[in-house]
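The next block is coords_9.txt, given as compact mmCIF, C-alpha atoms.
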# COMPACT_ATOMS: atom_id res chain seq x y z
CA MET A 658 67.29 -7.40 -43.47
CA THR A 659 63.78 -8.79 -43.86
CA HIS A 660 65.00 -12.26 -42.83
CA LYS A 661 66.64 -10.85 -39.71
CA LEU A 662 63.48 -8.92 -38.84
CA GLY A 663 61.44 -12.10 -39.24
CA LEU A 664 63.79 -13.98 -36.94
CA PHE A 665 63.62 -11.15 -34.41
CA LEU A 666 59.82 -11.14 -34.42
CA ALA A 667 59.66 -14.92 -34.20
CA GLY A 668 62.05 -14.80 -31.28
CA GLY A 669 59.92 -12.17 -29.58
CA LEU A 670 56.78 -14.23 -30.04
CA SER A 671 58.55 -17.30 -28.72
CA MET A 672 59.68 -15.36 -25.65
CA VAL A 673 56.12 -14.18 -24.94
CA ALA A 674 54.80 -17.70 -25.44
CA LEU A 675 57.41 -19.16 -23.09
CA MET A 676 56.67 -16.54 -20.45
CA ALA A 677 52.95 -17.21 -20.72
CA LEU A 678 53.58 -20.94 -20.42
CA ALA A 679 55.83 -20.45 -17.41
CA ALA A 680 53.26 -18.23 -15.71
CA GLY A 681 50.54 -20.79 -16.43
CA LEU A 682 52.59 -23.69 -15.09
CA PHE A 683 53.44 -21.73 -11.97
CA LEU A 684 49.79 -20.97 -11.29
CA ALA A 685 48.74 -24.53 -11.99
CA SER A 686 51.30 -25.85 -9.51
CA THR A 687 50.29 -23.42 -6.76
CA HIS A 688 46.62 -22.60 -7.20
CA GLY A 689 45.32 -24.81 -9.98
CA LEU A 690 43.86 -23.50 -13.22
CA ASN A 691 40.79 -21.80 -11.81
CA ALA A 692 39.18 -18.49 -12.72
CA ARG A 693 38.85 -17.23 -9.14
CA GLU A 694 42.45 -16.13 -8.72
CA THR A 695 43.59 -12.59 -9.45
CA PRO A 696 46.13 -12.42 -12.31
CA GLY A 697 49.59 -11.57 -11.02
CA PRO A 698 51.94 -8.93 -12.46
CA VAL A 699 53.70 -11.41 -14.76
CA GLU A 700 50.42 -12.62 -16.23
CA ARG A 701 49.17 -9.07 -16.70
CA TRP A 702 52.40 -8.07 -18.43
CA VAL A 703 52.37 -11.11 -20.71
CA ALA A 704 48.69 -10.55 -21.56
CA ALA A 705 49.31 -6.90 -22.45
CA ARG A 706 52.34 -7.74 -24.62
CA ALA A 707 50.49 -10.58 -26.33
CA ARG A 708 47.57 -8.28 -27.10
CA GLN A 709 49.86 -5.67 -28.61
CA MET A 710 51.62 -8.24 -30.80
CA ALA A 711 48.32 -9.79 -31.89
CA LEU A 712 47.02 -6.51 -33.30
CA PRO A 713 48.09 -6.10 -36.92
CA LYS A 714 49.74 -2.83 -37.89
CA GLY A 715 46.99 -2.07 -40.39
CA ALA A 716 44.40 -2.26 -37.62
CA ARG A 717 46.20 0.34 -35.51
CA GLU A 718 46.21 2.84 -38.35
CA ARG A 719 42.52 2.58 -39.33
CA GLU A 720 40.47 5.71 -38.74
CA ASN A 721 36.86 5.73 -37.59
CA PRO A 722 34.62 6.36 -40.63
CA VAL A 723 31.62 7.09 -38.39
CA ALA A 724 31.37 10.73 -37.36
CA ASP A 725 30.72 11.55 -33.73
CA SER A 726 27.16 12.81 -33.15
CA PRO A 727 24.37 12.62 -30.55
CA GLU A 728 22.53 10.15 -32.80
CA VAL A 729 25.56 7.87 -33.07
CA LEU A 730 26.10 7.94 -29.31
CA SER A 731 22.41 7.20 -28.71
CA ASP A 732 22.56 4.15 -31.00
CA ALA A 733 25.80 3.00 -29.37
CA ARG A 734 24.41 3.41 -25.83
CA ALA A 735 21.47 1.19 -26.72
CA HIS A 736 23.77 -1.39 -28.34
CA TRP A 737 26.16 -1.34 -25.37
CA ALA A 738 23.32 -1.68 -22.85
CA ASP A 739 21.90 -4.67 -24.73
CA HIS A 740 25.10 -6.51 -25.76
CA CYS A 741 28.09 -5.30 -23.71
CA ALA A 742 26.90 -4.18 -20.28
CA ALA A 743 26.45 -7.72 -18.97
CA CYS A 744 30.26 -8.01 -18.74
CA HIS A 745 31.45 -4.40 -18.88
CA ALA A 746 28.63 -2.64 -16.91
CA ASN A 747 26.75 0.33 -18.31
CA ASP A 748 29.49 2.72 -17.24
CA GLY A 749 32.30 0.57 -18.67
CA SER A 750 33.83 -0.07 -15.24
CA GLY A 751 33.50 -3.87 -15.43
CA ASN A 752 32.18 -3.67 -11.86
CA ILE A 753 29.34 -6.11 -12.43
CA GLU A 754 28.98 -9.75 -11.36
CA MET A 755 29.84 -11.31 -14.73
CA GLY A 756 32.76 -8.95 -15.32
CA ARG A 757 34.22 -9.56 -11.85
CA ARG A 758 34.00 -13.35 -12.22
CA MET A 759 35.83 -13.51 -15.56
CA TYR A 760 39.52 -14.36 -15.80
CA PRO A 761 41.03 -11.96 -16.35
CA GLN A 762 38.34 -9.65 -15.04
CA ALA A 763 36.69 -7.33 -17.53
CA PRO A 764 38.87 -4.20 -17.74
CA ASP A 765 37.77 -0.70 -16.83
CA MET A 766 37.08 0.68 -20.31
CA ARG A 767 37.45 4.24 -19.00
CA ALA A 768 41.03 3.67 -17.86
CA GLN A 769 44.19 4.60 -19.73
CA GLY A 770 44.93 1.01 -20.75
CA THR A 771 41.88 1.07 -23.03
CA GLN A 772 41.60 4.75 -23.86
CA GLN A 773 45.17 4.89 -25.17
CA LEU A 774 44.37 2.28 -27.84
CA THR A 775 43.70 3.71 -31.28
CA ASP A 776 40.22 3.65 -32.80
CA GLY A 777 41.42 0.99 -35.21
CA GLU A 778 42.69 -1.22 -32.38
CA LEU A 779 39.40 -0.93 -30.48
CA PHE A 780 37.48 -1.77 -33.67
CA PHE A 781 39.70 -4.82 -34.31
CA ILE A 782 39.14 -6.12 -30.76
CA ILE A 783 35.36 -5.68 -30.99
CA GLN A 784 35.26 -7.41 -34.35
CA ASN A 785 37.70 -10.25 -33.61
CA GLY A 786 37.74 -10.68 -29.84
CA ILE A 787 40.76 -11.65 -27.73
CA ARG A 788 41.79 -15.26 -27.31
CA LEU A 789 41.93 -16.85 -23.86
CA THR A 790 39.68 -14.15 -22.39
CA GLY A 791 35.91 -13.77 -22.24
CA MET A 792 35.94 -11.21 -25.07
CA PRO A 793 34.16 -12.66 -28.13
CA GLY A 794 34.54 -11.49 -31.71
CA TRP A 795 31.35 -9.86 -32.98
CA GLY A 796 32.31 -9.45 -36.63
CA GLY A 797 32.27 -11.77 -39.62
CA GLY A 798 29.74 -14.26 -40.87
CA GLY A 799 26.52 -13.63 -42.70
CA SER A 800 25.84 -11.68 -45.86
CA ALA A 801 27.83 -8.71 -47.11
CA SER A 802 25.09 -6.32 -45.95
CA LYS A 803 25.07 -7.86 -42.45
CA THR A 804 28.87 -7.64 -42.28
CA ALA A 805 28.74 -3.97 -43.25
CA HIS A 806 26.03 -3.35 -40.62
CA ASP A 807 28.09 -5.13 -37.94
CA GLU A 808 31.13 -3.03 -38.79
CA GLN A 809 29.05 0.15 -38.59
CA ASP A 810 27.82 -0.88 -35.14
CA SER A 811 31.39 -1.63 -34.02
CA TRP A 812 32.65 1.78 -35.15
CA LYS A 813 29.76 3.38 -33.24
CA LEU A 814 30.79 1.42 -30.14
CA VAL A 815 34.30 2.84 -30.52
CA ARG A 816 32.76 6.32 -30.33
CA PHE A 817 30.87 5.30 -27.20
CA ILE A 818 33.99 3.86 -25.56
CA ARG A 819 35.65 7.25 -26.04
CA HIS A 820 32.61 8.83 -24.40
CA LEU A 821 32.55 6.51 -21.37
CA PRO A 822 34.76 8.73 -19.14
CA GLN A 823 32.17 11.51 -19.60
CA LEU A 824 29.06 9.32 -19.25
CA THR A 825 26.33 11.20 -17.37
CA ALA A 826 24.00 9.88 -14.69
CA ALA A 827 21.02 10.53 -16.99
CA GLU A 828 22.59 8.45 -19.76
CA GLU A 829 23.28 5.62 -17.34
CA ARG A 830 19.68 5.65 -16.12
CA GLU A 831 18.47 5.48 -19.71
CA MET A 832 20.72 2.47 -20.30
CA GLN A 833 19.36 0.66 -17.25
CA GLY A 834 15.98 0.56 -18.96
CA LEU A 835 17.60 -1.05 -22.02
CA ASN A 836 19.53 -3.77 -20.18
CA PRO A 837 18.28 -7.33 -20.87
CA LYS A 838 16.07 -8.70 -18.11
CA SER A 839 16.45 -12.14 -16.56
CA PRO A 840 13.37 -14.41 -16.34
CA ASP A 841 13.06 -13.60 -12.63
CA GLU A 842 13.27 -9.86 -13.31
CA LEU A 843 10.66 -10.12 -16.07
CA LYS A 844 8.37 -12.08 -13.75
CA GLU A 845 8.79 -9.54 -10.97
CA GLU A 846 8.16 -6.69 -13.40
CA GLN A 847 4.96 -8.36 -14.66
CA GLU A 848 3.75 -9.00 -11.11
CA GLU A 849 4.24 -5.32 -10.29
CA LYS A 850 2.27 -4.32 -13.39
CA ASP A 851 -0.51 -6.77 -12.53
CA PHE A 852 -0.63 -5.45 -8.96
CA LEU A 853 -0.81 -1.84 -10.13
CA ASN A 854 -3.46 -2.63 -12.71
CA GLY A 855 -5.49 -4.54 -10.13
CA GLY A 856 -5.22 -1.72 -7.64
CA GLN A 857 -6.41 0.82 -10.20
CA THR A 858 -9.35 -1.41 -11.15
CA ASN A 859 -10.44 -1.95 -7.54
CA GLU A 860 -10.13 1.72 -6.79
CA HIS A 861 -12.31 2.55 -9.80
CA GLU A 862 -14.96 -0.01 -8.79
CA GLU A 863 -15.11 1.28 -5.19
CA HIS A 864 -15.50 4.84 -6.44
CA HIS A 865 -18.31 3.72 -8.80
CA HIS A 866 -20.24 1.94 -6.03
CA HIS A 867 -20.04 4.96 -3.74

For this file, write the structure as structure tokens.
Amino acid sequence: MTHKLGLFLAGGLSMVALMALAAGLFLASTHGLNARETPGPVERWVAARARQMALPKGARERENPVADSPEVLSDARAHWADHCAACHANDGSGNIEMGRRMYPQAPDMRAQGTQQLTDGELFFIIQNGIRLTGMPGWGGGGSASKTAHDEQDSWKLVRFIRHLPQLTAAEEREMQGLNPKSPDELKEEQEEKDFLNGGQTNEHEEHHHH
């Protein structure tokens, strides 16, 4: 029985691999292997099946050890704004330049395709990434204490992903202040501060002379 199950699974994996190869060859022959095309229905189906088969059963069944709380969500919002929003946007929509230019595009984390995953599956994806996409694996490496800290952060992010469909405008504004700034944005911000400081100084001097 076990042997037959192994053959069945191997056959299923081979089928997915062949379908992925066929889809890739078709695209290469018609559009070339570029990241500007929109994945077709066959590619999307193959990608979804491959993701499901790549997730180990044990991962699906893991429960989130981090309790939901305002403090946890606050930590996770800050982490998301600093590490994840560049591709997924603050609201999880993926509607941001980097997310739109990826292949496949960053998914809408609020949609059913993500929300129906178990906490354990979301944690596994955050920790290990997904091959052949832009999703990196954030877990592993470093000391035991760092690994434990990374896992804690990932479980908090799972809580935040569950919260994304209810994200408020105030929370999103808070996150905008935590997003990393580009060199140009930092320069512009500093120039504004210098201008405001200069204006205040001049105003004070004029008042003093009068």

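Residue nearest Arg767 (chain A) within the list A:Gly834, A:Gly749, A:Gly786, A:Gly797: A:Gly749 [criterion: smallest interatomic distance, only C-alpha atoms].
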
Practice item. Excluding Asp732 (chain A) and residues on its chain fewer than 2 positions from it, collect all residues at most 12 Å away from it, counting all atoms listed in the file, and give them as a list in words. Key: Asp725, Ser726, Pro727, Glu728, Val729, Leu730, Arg734, Ala735, His736, Trp737, Ala738, Asp739, Gln809, Asp810, Ser811, Trp812, Lys813, Leu814, Val815, Arg816, Phe817, Met832 and Leu835 of chain A

Asp748 (chain A): which residues within 12 Å, counting only C-alpha atoms, same-chain residues fewer than 6 positions away excluded, as a compact mmCIF listing (two decimals) with C-alpha atoms, in the frame of the given file?
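File written: out-v4.txt
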# COMPACT_ATOMS: atom_id res chain seq x y z
CA ARG A 734 24.41 3.41 -25.83
CA TRP A 737 26.16 -1.34 -25.37
CA ALA A 738 23.32 -1.68 -22.85
CA CYS A 741 28.09 -5.30 -23.71
CA ALA A 742 26.90 -4.18 -20.28
CA PRO A 764 38.87 -4.20 -17.74
CA ASP A 765 37.77 -0.70 -16.83
CA MET A 766 37.08 0.68 -20.31
CA ARG A 767 37.45 4.24 -19.00
CA ALA A 768 41.03 3.67 -17.86
CA PHE A 817 30.87 5.30 -27.20
CA ILE A 818 33.99 3.86 -25.56
CA ARG A 819 35.65 7.25 -26.04
CA HIS A 820 32.61 8.83 -24.40
CA LEU A 821 32.55 6.51 -21.37
CA PRO A 822 34.76 8.73 -19.14
CA GLN A 823 32.17 11.51 -19.60
CA LEU A 824 29.06 9.32 -19.25
CA THR A 825 26.33 11.20 -17.37
CA ALA A 826 24.00 9.88 -14.69
CA ALA A 827 21.02 10.53 -16.99
CA GLU A 828 22.59 8.45 -19.76
CA GLU A 829 23.28 5.62 -17.34
CA ARG A 830 19.68 5.65 -16.12
CA GLU A 831 18.47 5.48 -19.71
CA MET A 832 20.72 2.47 -20.30
CA GLN A 833 19.36 0.66 -17.25

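Restricting the calculation to all atoms listed in the file, the smallest distance between His745 (chain A) and any of A:Met792, A:Ile787, A:Leu843, A:Ala733 is found for A:Met792.
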
Please, which residues are within 8 Å of (33.9, -13.3, -19.2) by the file's coordinates, counting all atoms listed in the file, and could they come as an mmCIF file with C-alpha atoms, in the frame of the given file?
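selection-v7.cif, written as the output of this step:
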data_model
loop_
_atom_site.group_PDB
_atom_site.id
_atom_site.type_symbol
_atom_site.label_atom_id
_atom_site.label_comp_id
_atom_site.auth_asym_id
_atom_site.auth_seq_id
_atom_site.Cartn_x
_atom_site.Cartn_y
_atom_site.Cartn_z
ATOM 1 C CA CYS A 744 30.260 -8.010 -18.740
ATOM 2 C CA MET A 755 29.840 -11.310 -14.730
ATOM 3 C CA GLY A 756 32.760 -8.950 -15.320
ATOM 4 C CA ARG A 758 34.000 -13.350 -12.220
ATOM 5 C CA MET A 759 35.830 -13.510 -15.560
ATOM 6 C CA TYR A 760 39.520 -14.360 -15.800
ATOM 7 C CA PRO A 761 41.030 -11.960 -16.350
ATOM 8 C CA GLN A 762 38.340 -9.650 -15.040
ATOM 9 C CA ALA A 763 36.690 -7.330 -17.530
ATOM 10 C CA THR A 790 39.680 -14.150 -22.390
ATOM 11 C CA GLY A 791 35.910 -13.770 -22.240
ATOM 12 C CA MET A 792 35.940 -11.210 -25.070
#

Pull the closest atom pair for each residue of region 733-831 of chain A that gets at most 7 Å from region 712-721 of chain A, along with the distance in Å to one decimal, counting all atoms listed in the file, ordering rows by chain and then ascending residue number, as JSON lines.
{"residue": "A:Thr775", "atom": "CA", "partner": "A:Arg717", "partner_atom": "CA", "distance": 6.0}
{"residue": "A:Asp776", "atom": "CA", "partner": "A:Asn721", "partner_atom": "CA", "distance": 6.2}
{"residue": "A:Gly777", "atom": "CA", "partner": "A:Arg719", "partner_atom": "CA", "distance": 4.6}
{"residue": "A:Glu778", "atom": "CA", "partner": "A:Arg717", "partner_atom": "CA", "distance": 5.0}
{"residue": "A:Phe781", "atom": "CA", "partner": "A:Ala716", "partner_atom": "CA", "distance": 6.3}
{"residue": "A:Trp812", "atom": "CA", "partner": "A:Asn721", "partner_atom": "CA", "distance": 6.3}

Suppose we keep C-alpha atoms; can you now write the selection as a PDB file, keeping the file's coordinate frame?
ATOM      1  CA  THR A 775      43.700   3.710 -31.280  1.00  0.00           C
ATOM      2  CA  ASP A 776      40.220   3.650 -32.800  1.00  0.00           C
ATOM      3  CA  GLY A 777      41.420   0.990 -35.210  1.00  0.00           C
ATOM      4  CA  GLU A 778      42.690  -1.220 -32.380  1.00  0.00           C
ATOM      5  CA  PHE A 781      39.700  -4.820 -34.310  1.00  0.00           C
ATOM      6  CA  TRP A 812      32.650   1.780 -35.150  1.00  0.00           C
TER       7      TRP A 812
END

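CA of Gly799 (chain A) sits 29.0 Å away from CA of Thr771 (chain A).
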
Point to revise | Å distance separating CA of Gln773 (chain A) from CA of Ser750 (chain A), one decimal place | key: 15.9 Å

Check your understanding: Between CA of Glu754 (chain A) and CA of Glu808 (chain A), what is the spacing in Å?
Key -> 28.3 Å
